Every structure is written in structure tokens, then in C-alpha cells.
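start_10.txt follows (compact mmCIF, C-alpha atoms and all ligand atoms):
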```txt
# COMPACT_ATOMS: atom_id res chain seq x y z
CA MET A 54 56.77 114.70 26.82
CA GLY A 55 55.61 116.46 23.64
CA PHE A 56 53.43 114.96 20.89
CA ALA A 57 56.44 114.47 18.59
CA GLU A 58 58.46 112.55 21.18
CA GLU A 59 55.40 110.48 22.10
CA LEU A 60 54.83 109.40 18.48
CA LYS A 61 58.51 108.71 17.87
CA ASN A 62 58.49 106.38 20.89
CA GLN A 63 55.27 104.76 19.77
CA TYR A 64 56.75 103.88 16.38
CA ALA A 65 60.27 103.24 17.66
CA GLU A 66 60.56 99.82 16.02
CA ASP A 67 60.38 101.19 12.45
CA TRP A 68 62.18 104.39 13.44
CA ASP A 69 65.19 102.59 14.92
CA ALA A 70 65.28 100.06 12.09
CA ALA A 71 65.54 102.95 9.60
CA VAL A 72 68.12 104.94 11.59
CA ASN A 73 70.29 101.84 12.10
CA HIS A 74 69.66 100.39 8.66
CA PRO A 75 72.49 98.50 6.88
CA PHE A 76 72.18 101.09 4.07
CA VAL A 77 73.09 103.78 6.60
CA ASP A 78 75.90 101.63 8.04
CA GLN A 79 77.42 101.31 4.57
CA LEU A 80 76.97 105.00 3.77
CA LEU A 81 78.66 106.00 7.03
CA ASP A 82 81.65 103.70 6.62
CA GLY A 83 82.00 104.55 2.93
CA SER A 84 81.50 100.98 1.74
CA LEU A 85 78.19 101.66 -0.05
CA SER A 86 78.53 100.56 -3.68
CA ASP A 87 77.99 103.02 -6.52
CA ASP A 88 75.18 100.82 -7.84
CA HIS A 89 73.28 101.03 -4.56
CA LEU A 90 73.96 104.75 -4.15
CA ARG A 91 72.88 105.42 -7.74
CA GLY A 92 69.64 103.46 -7.32
CA TYR A 93 68.85 105.21 -4.04
CA LEU A 94 69.54 108.71 -5.38
CA VAL A 95 67.49 108.15 -8.52
CA GLN A 96 64.51 107.17 -6.36
CA ASP A 97 65.18 109.89 -3.80
CA TYR A 98 65.22 112.60 -6.46
CA GLN A 99 61.62 111.67 -7.20
CA PHE A 100 60.92 111.77 -3.44
CA CYS A 101 62.30 115.32 -3.53
CA ASP A 102 59.71 116.37 -6.08
CA ALA A 103 56.73 115.60 -3.83
CA PHE A 104 58.69 116.77 -0.77
CA THR A 105 59.23 120.20 -2.36
CA ALA A 106 55.50 120.39 -3.13
CA LEU A 107 54.79 119.47 0.50
CA LEU A 108 57.06 122.30 1.72
CA GLY A 109 55.08 124.61 -0.56
CA GLN A 110 51.87 123.41 1.09
CA ALA A 111 53.45 124.10 4.48
CA VAL A 112 54.03 127.70 3.37
CA ALA A 113 50.33 127.86 2.48
CA SER A 114 48.95 126.02 5.53
CA ALA A 115 51.09 127.71 8.20
CA PRO A 116 49.12 129.99 10.52
CA SER A 117 51.37 133.05 10.38
CA LEU A 118 54.21 134.84 8.60
CA PRO A 119 57.05 133.75 10.95
CA SER A 120 56.30 130.09 10.24
CA ARG A 121 55.82 130.66 6.50
CA LEU A 122 59.22 132.36 6.37
CA VAL A 123 60.92 129.31 7.91
CA PHE A 124 59.47 126.99 5.26
CA ALA A 125 60.28 129.51 2.53
CA ALA A 126 63.93 129.64 3.64
CA VAL A 127 64.14 125.82 3.73
CA LEU A 128 62.59 125.64 0.26
CA GLY A 129 65.32 127.96 -1.02
CA ALA A 130 68.10 125.89 0.54
CA PHE A 131 66.53 122.71 -0.77
CA ALA A 132 66.40 124.14 -4.29
CA SER A 133 70.09 125.04 -4.24
CA ASP A 134 72.30 122.97 -1.90
CA GLU A 135 70.40 119.72 -2.05
CA ASN A 136 69.72 119.89 -5.78
CA THR A 137 73.40 120.55 -6.45
CA TYR A 138 74.31 117.39 -4.55
CA PHE A 139 71.99 115.31 -6.73
CA GLN A 140 73.29 116.87 -9.97
CA ASP A 141 76.93 116.34 -8.94
CA CYS A 142 76.27 112.70 -8.01
CA PHE A 143 74.23 112.03 -11.15
CA ASN A 144 77.14 113.32 -13.22
CA GLU A 145 79.76 111.39 -11.26
CA LEU A 146 77.71 108.17 -11.36
CA ASP A 147 76.77 108.55 -15.06
CA VAL A 148 73.03 108.55 -14.45
CA PRO A 149 71.22 108.77 -17.80
CA GLU A 150 68.90 111.73 -18.36
CA ALA A 151 65.79 109.52 -18.36
CA ASP A 152 66.64 108.23 -14.85
CA ARG A 153 67.10 111.79 -13.58
CA ALA A 154 63.82 113.06 -14.98
CA ALA A 155 61.37 110.15 -14.98
CA PRO A 156 62.69 106.81 -13.70
CA ALA A 157 60.54 103.77 -13.02
CA LEU A 158 59.46 104.19 -9.40
CA GLY A 159 59.90 101.38 -6.89
CA PRO A 160 56.97 100.53 -4.57
CA ALA A 161 58.43 102.41 -1.60
CA THR A 162 58.95 105.56 -3.69
CA ARG A 163 55.43 105.27 -5.10
CA ASN A 164 53.91 104.81 -1.65
CA PHE A 165 55.86 107.73 -0.21
CA ASP A 166 54.87 109.88 -3.16
CA HIS A 167 51.23 108.96 -2.56
CA LEU A 168 51.48 109.74 1.17
CA MET A 169 53.00 113.17 0.50
CA ARG A 170 50.55 114.13 -2.25
CA SER A 171 47.49 112.92 -0.34
CA THR A 172 48.73 114.72 2.79
CA LEU A 173 49.27 118.01 1.00
CA ALA A 174 45.81 117.68 -0.54
CA THR A 175 44.29 117.69 2.97
CA ARG A 176 45.90 121.12 3.53
CA SER A 177 45.98 120.13 7.22
CA TYR A 178 48.91 121.87 8.90
CA PRO A 179 49.44 119.15 11.57
CA LYS A 180 49.42 116.40 8.91
CA VAL A 181 51.76 118.27 6.58
CA LEU A 182 54.05 118.87 9.57
CA ALA A 183 53.88 115.18 10.55
CA VAL A 184 55.34 114.04 7.22
CA LEU A 185 57.95 116.81 7.10
CA LEU A 186 58.93 116.12 10.71
CA VAL A 187 59.42 112.38 10.19
CA ALA A 188 61.41 112.88 6.98
CA GLU A 189 63.72 115.49 8.49
CA TRP A 190 64.04 114.23 12.07
CA LEU A 191 64.71 110.64 11.05
CA TYR A 192 67.35 111.79 8.54
CA GLY A 193 68.88 113.96 11.26
CA ASP A 194 69.02 110.92 13.55
CA TRP A 195 70.88 108.66 11.13
CA ALA A 196 73.22 111.46 10.06
CA ALA A 197 74.03 112.15 13.73
CA ARG A 198 75.46 108.62 13.88
CA ALA A 199 78.31 109.88 11.67
CA GLY A 200 79.76 111.84 14.62
CA GLU A 201 82.50 114.39 13.98
CA PRO A 202 83.36 115.31 10.34
CA ALA A 203 86.87 113.89 10.84
CA ARG A 204 85.26 110.43 11.03
CA TRP A 205 83.15 110.82 7.89
CA PRO A 206 83.81 108.77 4.74
CA ALA A 207 86.36 110.21 2.31
CA HIS A 208 84.24 110.49 -0.85
CA ALA A 209 82.03 113.57 -1.30
CA LYS A 210 79.22 111.39 -2.70
CA HIS A 211 78.92 109.87 0.81
CA ALA A 212 80.12 112.72 3.04
CA GLU A 213 78.02 115.41 1.41
CA TRP A 214 74.82 113.41 1.97
CA ILE A 215 75.79 113.25 5.64
CA ARG A 216 76.66 116.95 5.80
CA LEU A 217 73.31 117.96 4.28
CA HIS A 218 71.57 116.24 7.22
CA ASN A 219 74.14 116.91 9.95
CA ASN A 220 74.96 120.60 10.38
CA PRO A 221 73.85 123.29 12.84
CA GLU A 222 71.26 124.85 10.50
CA TYR A 223 69.72 121.47 9.75
CA ASN A 224 69.56 120.54 13.43
CA ALA A 225 67.90 123.88 14.23
CA TRP A 226 65.31 123.26 11.50
CA VAL A 227 64.48 119.83 12.93
CA THR A 228 64.13 121.29 16.44
CA TRP A 229 61.89 124.04 15.08
CA LEU A 230 59.72 121.48 13.24
CA ARG A 231 59.35 119.44 16.42
CA ASP A 232 58.29 122.48 18.46
CA GLU A 233 55.91 123.61 15.74
CA PHE A 234 54.36 120.12 15.58
CA ASP A 235 53.98 119.98 19.38
CA ALA A 236 52.29 123.40 19.33
CA VAL A 237 49.52 122.28 16.97
CA GLU A 238 48.77 118.93 18.64
CA PRO A 239 45.06 118.40 17.94
CA VAL A 240 42.73 118.35 20.93
CA ASP A 241 40.07 116.43 19.04
CA VAL A 242 40.69 112.68 19.50
CA ALA A 243 39.84 111.62 15.94
CA GLU A 244 41.97 114.39 14.46
CA ARG A 245 44.87 113.46 16.73
CA GLN A 246 44.49 109.85 15.59
CA GLY A 247 44.64 110.94 11.95
CA VAL A 248 47.87 112.86 12.52
CA ALA A 249 49.37 109.89 14.41
CA ALA A 250 48.45 107.57 11.51
CA THR A 251 50.15 109.92 9.02
CA PHE A 252 53.27 110.00 11.23
CA ALA A 253 53.28 106.19 11.54
CA GLU A 254 52.94 105.68 7.79
CA ALA A 255 55.83 108.07 7.11
CA VAL A 256 58.09 106.18 9.54
CA ARG A 257 57.11 102.85 7.99
CA LEU A 258 57.91 104.17 4.50
CA GLU A 259 61.29 105.61 5.56
CA ARG A 260 62.26 102.11 6.62
CA ALA A 261 60.85 100.60 3.41
CA PHE A 262 62.77 103.18 1.36
CA PHE A 263 66.09 102.02 2.83
CA ASP A 264 65.06 98.37 2.44
CA ALA A 265 64.39 99.00 -1.26
CA ALA A 266 67.75 100.74 -1.67
CA LEU A 267 69.64 97.56 -0.81
CA VAL A 268 67.65 95.26 -3.08
CA PRO A 269 69.99 94.02 -5.84
CA ALA A 270 69.76 96.34 -8.85
CA ASP A 271 68.24 93.67 -11.14
CA ALA A 272 65.44 92.90 -8.66
CA SER A 273 64.32 96.47 -8.03
CA VAL A 274 62.11 96.95 -11.11
C1 LIG B 301 63.18 109.11 1.70
C2 LIG B 301 63.72 110.38 2.26
N1 LIG B 301 63.33 110.78 3.47
C3 LIG B 301 63.79 111.93 3.99
C4 LIG B 301 64.66 112.71 3.29
C5 LIG B 301 65.17 113.99 3.90
O1 LIG B 301 64.47 115.05 3.42
C6 LIG B 301 65.05 112.28 2.02
N2 LIG B 301 65.90 113.00 1.26
N3 LIG B 301 64.57 111.10 1.53
```

Please, can you express the file's structure as C-alpha cells?
Ligand SMILES: Cc1ncc(CO)c(N)n1
Amino acid sequence: MGFAEELKNQYAEDWDAAVNHPFVDQLLDGSLSDDHLRGYLVQDYQFCDAFTALLGQAVASAPSLPSRLVFAAVLGAFASDENTYFQDCFNELDVPEADRAAPALGPATRNFDHLMRSTLATRSYPKVLAVLLVAEWLYGDWAARAGEPARWPAHAKHAEWIRLHNNPEYNAWVTWLRDEFDAVEPVDVAERQGVAATFAEAVRLERAFFDAALVPADASV
């Protein structure tokens, strides 16, 4: 078993709670309210800011050109496809400009932001990979629950968020991340422990992020 699989199993409680979260249930069956979707997307757009910076750090920390090119390609896709989804939803859900650019951050968003920025500041390739891997693999796992596109919810605001995390290119990226992470498993015990702690914190915050998304709108600030 590789390092990635080992850590996923070690933190399975938070991992499975996030993947099978009621927020995901509602997204998949199309019953998620616009208020909850709006609140989640406003927070997640801020997540995307630090996440994009983290991908940039991965370009810088990667050991060789082939790996840098993978991150560079993902950065490009993230800047187009994913950003378009947010803009379309913000327009459809009448999100005010202030909430698109600089909303009040909930605790889970703030903590995730801190984890990503402190991780990129280490410039450690295994740690940067740990956060990217959790974010992408865990999203791939919940989106896989949607099954075949014929079973996806009817509205684009739900289905497109599934599609962005459930398609052949995305699955290949997650597999690549997992292999890359396994390949740089630290030999040093303390270093390995540090990477495991980063992985664990990311899983914990993914769960907290979904928890926060279902808090009633008036209790989230
Ligand atoms: C909180 C969170 N985790 C992971 C992803 C996928 O990149 C996302 N968009 N948001």
C-alpha cells in the first residue's frame, strides 16, 4: 500500500464523513437550496484563491519539468473552466460583487486558507502535494458517488460542479497526484510525520467546510 492510501485509511473517519456528507447528498439529488449553494460557493471562491497560489507553489517546488508541466496545465484549466462555473453561478444566484471579491470568511474557510498559505510558505513539495492531493482526491471521491451523467441532477448549477470533479481528465489528475505523492514519501520519520499531519488537517478541514455549508445562512457569520 502506498503512502497516500495509508494516510487516507488512517484518517478515514473524517474522509468518509466528508465524502458522504449531507451537503453532498443534497447536491447529488438536486435538492440543495440556492441559499446553501450560494453560501458554499462564496466561501469556496476564496478557497480557490489560496488553492491557485498553492498550485503555483507546486510548479515552483516540483523536482523536474514533466511534473511542473502537469501543474501548469491544471492551473490553466482551473483559471478557465472552474472560474467560469463560479461566475455563471454567481450571476444566476445574484451574488453581490462584494461577496464575490471579499466576503466575510467563515472559520472553516479561514482555517483552510491558513493551512494552504502556511503550507506553500514551507515550499516543501511533499507538504504542498499533501494538501493538493486531499483537496482533489476527496472531491473526486464524492463526485464519483454521482455515477453516470444520466443520473445527475437536472440543473447546471449542481451538475456542472459534479462534472468538474468527475471526468476522465480529472480522474487522471488525481491518480497522477497520488503517484507523485507516493514517490516523494519522506524517509526521515519526523518529516514523514509532518506530511501526515498536513494531510490529516486538510481532511479535517474538508469535513468542516461541508459542515459550515449547511449551517443556516443567518448563523454563518
Ligand atoms: C473546500 C474545497 N476542497 C476541494 C476543492 C477541489 O479543488 C474545492 N473546490 N473546495

So which one's closest to ligand LIG 301 (chain B), A:Ala157, A:Ala243, A:Val127, A:Val187? Using all atoms listed in the file, please.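 Ranking A:Ala157, A:Ala243, A:Val127, A:Val187 by distance to ligand LIG 301 (chain B), first place goes to A:Val187.
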
Within-7 Å residues of ligand LIG 301 (chain B), basis all atoms listed in the file, as a list of chain:residue names: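 Within the 7 Å cut-off, the matching residues are A:Asp97, A:Phe100, A:Cys101, A:Ala188, A:Glu189, A:Tyr192, A:Glu259, A:Phe262.
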
Using all atoms listed in the file, find all polymer residues with an atom at most 10 Å away from the point (53.6, 114.3, 20.8); report them as a list of chain:residue names.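 Residues satisfying the cut-off, written out: A:Met54, A:Gly55, A:Phe56, A:Ala57, A:Glu58, A:Glu59, A:Leu60, A:Lys61, A:Asn62, A:Gln63, A:Arg231, A:Asp232, A:Phe234, A:Asp235, A:Ala236, A:Val237, A:Glu238, A:Pro239, A:Arg245, A:Ala249.
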
So which residues touch segment 222-225 of chain A within 10 Å, counting all atoms listed in the file, skipping near sequence neighbours fewer than 4 positions away, as a PyMOL selection string? chain A and resi 127+189-190+193-194+197+216-218+229-231

Best match for closeness to Ile215 of chain A among A:Val227, A:Ala196, A:Cys142, A:Ala125, counting all atoms listed in the file: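 Counting all atoms listed in the file, the residue closest to Ile215 of chain A is A:Ala196.
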
Suppose you want the space between atom CA of Asp134 of chain A and atom CA of Trp214 of chain A; what is it in Å?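 Calculated distance between atom CA of Asp134 of chain A and atom CA of Trp214 of chain A is 10.6 Å.
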
Determine, counting all atoms listed in the file, which protein, DNA and RNA residues have an atom within 9 Å of an atom of Phe143 of chain A; residues of the same chain fewer than 5 positions away are not included. Present the result as JSON, numbers by chain. {"A": [91, 94, 95, 138, 148, 149, 150, 153]}
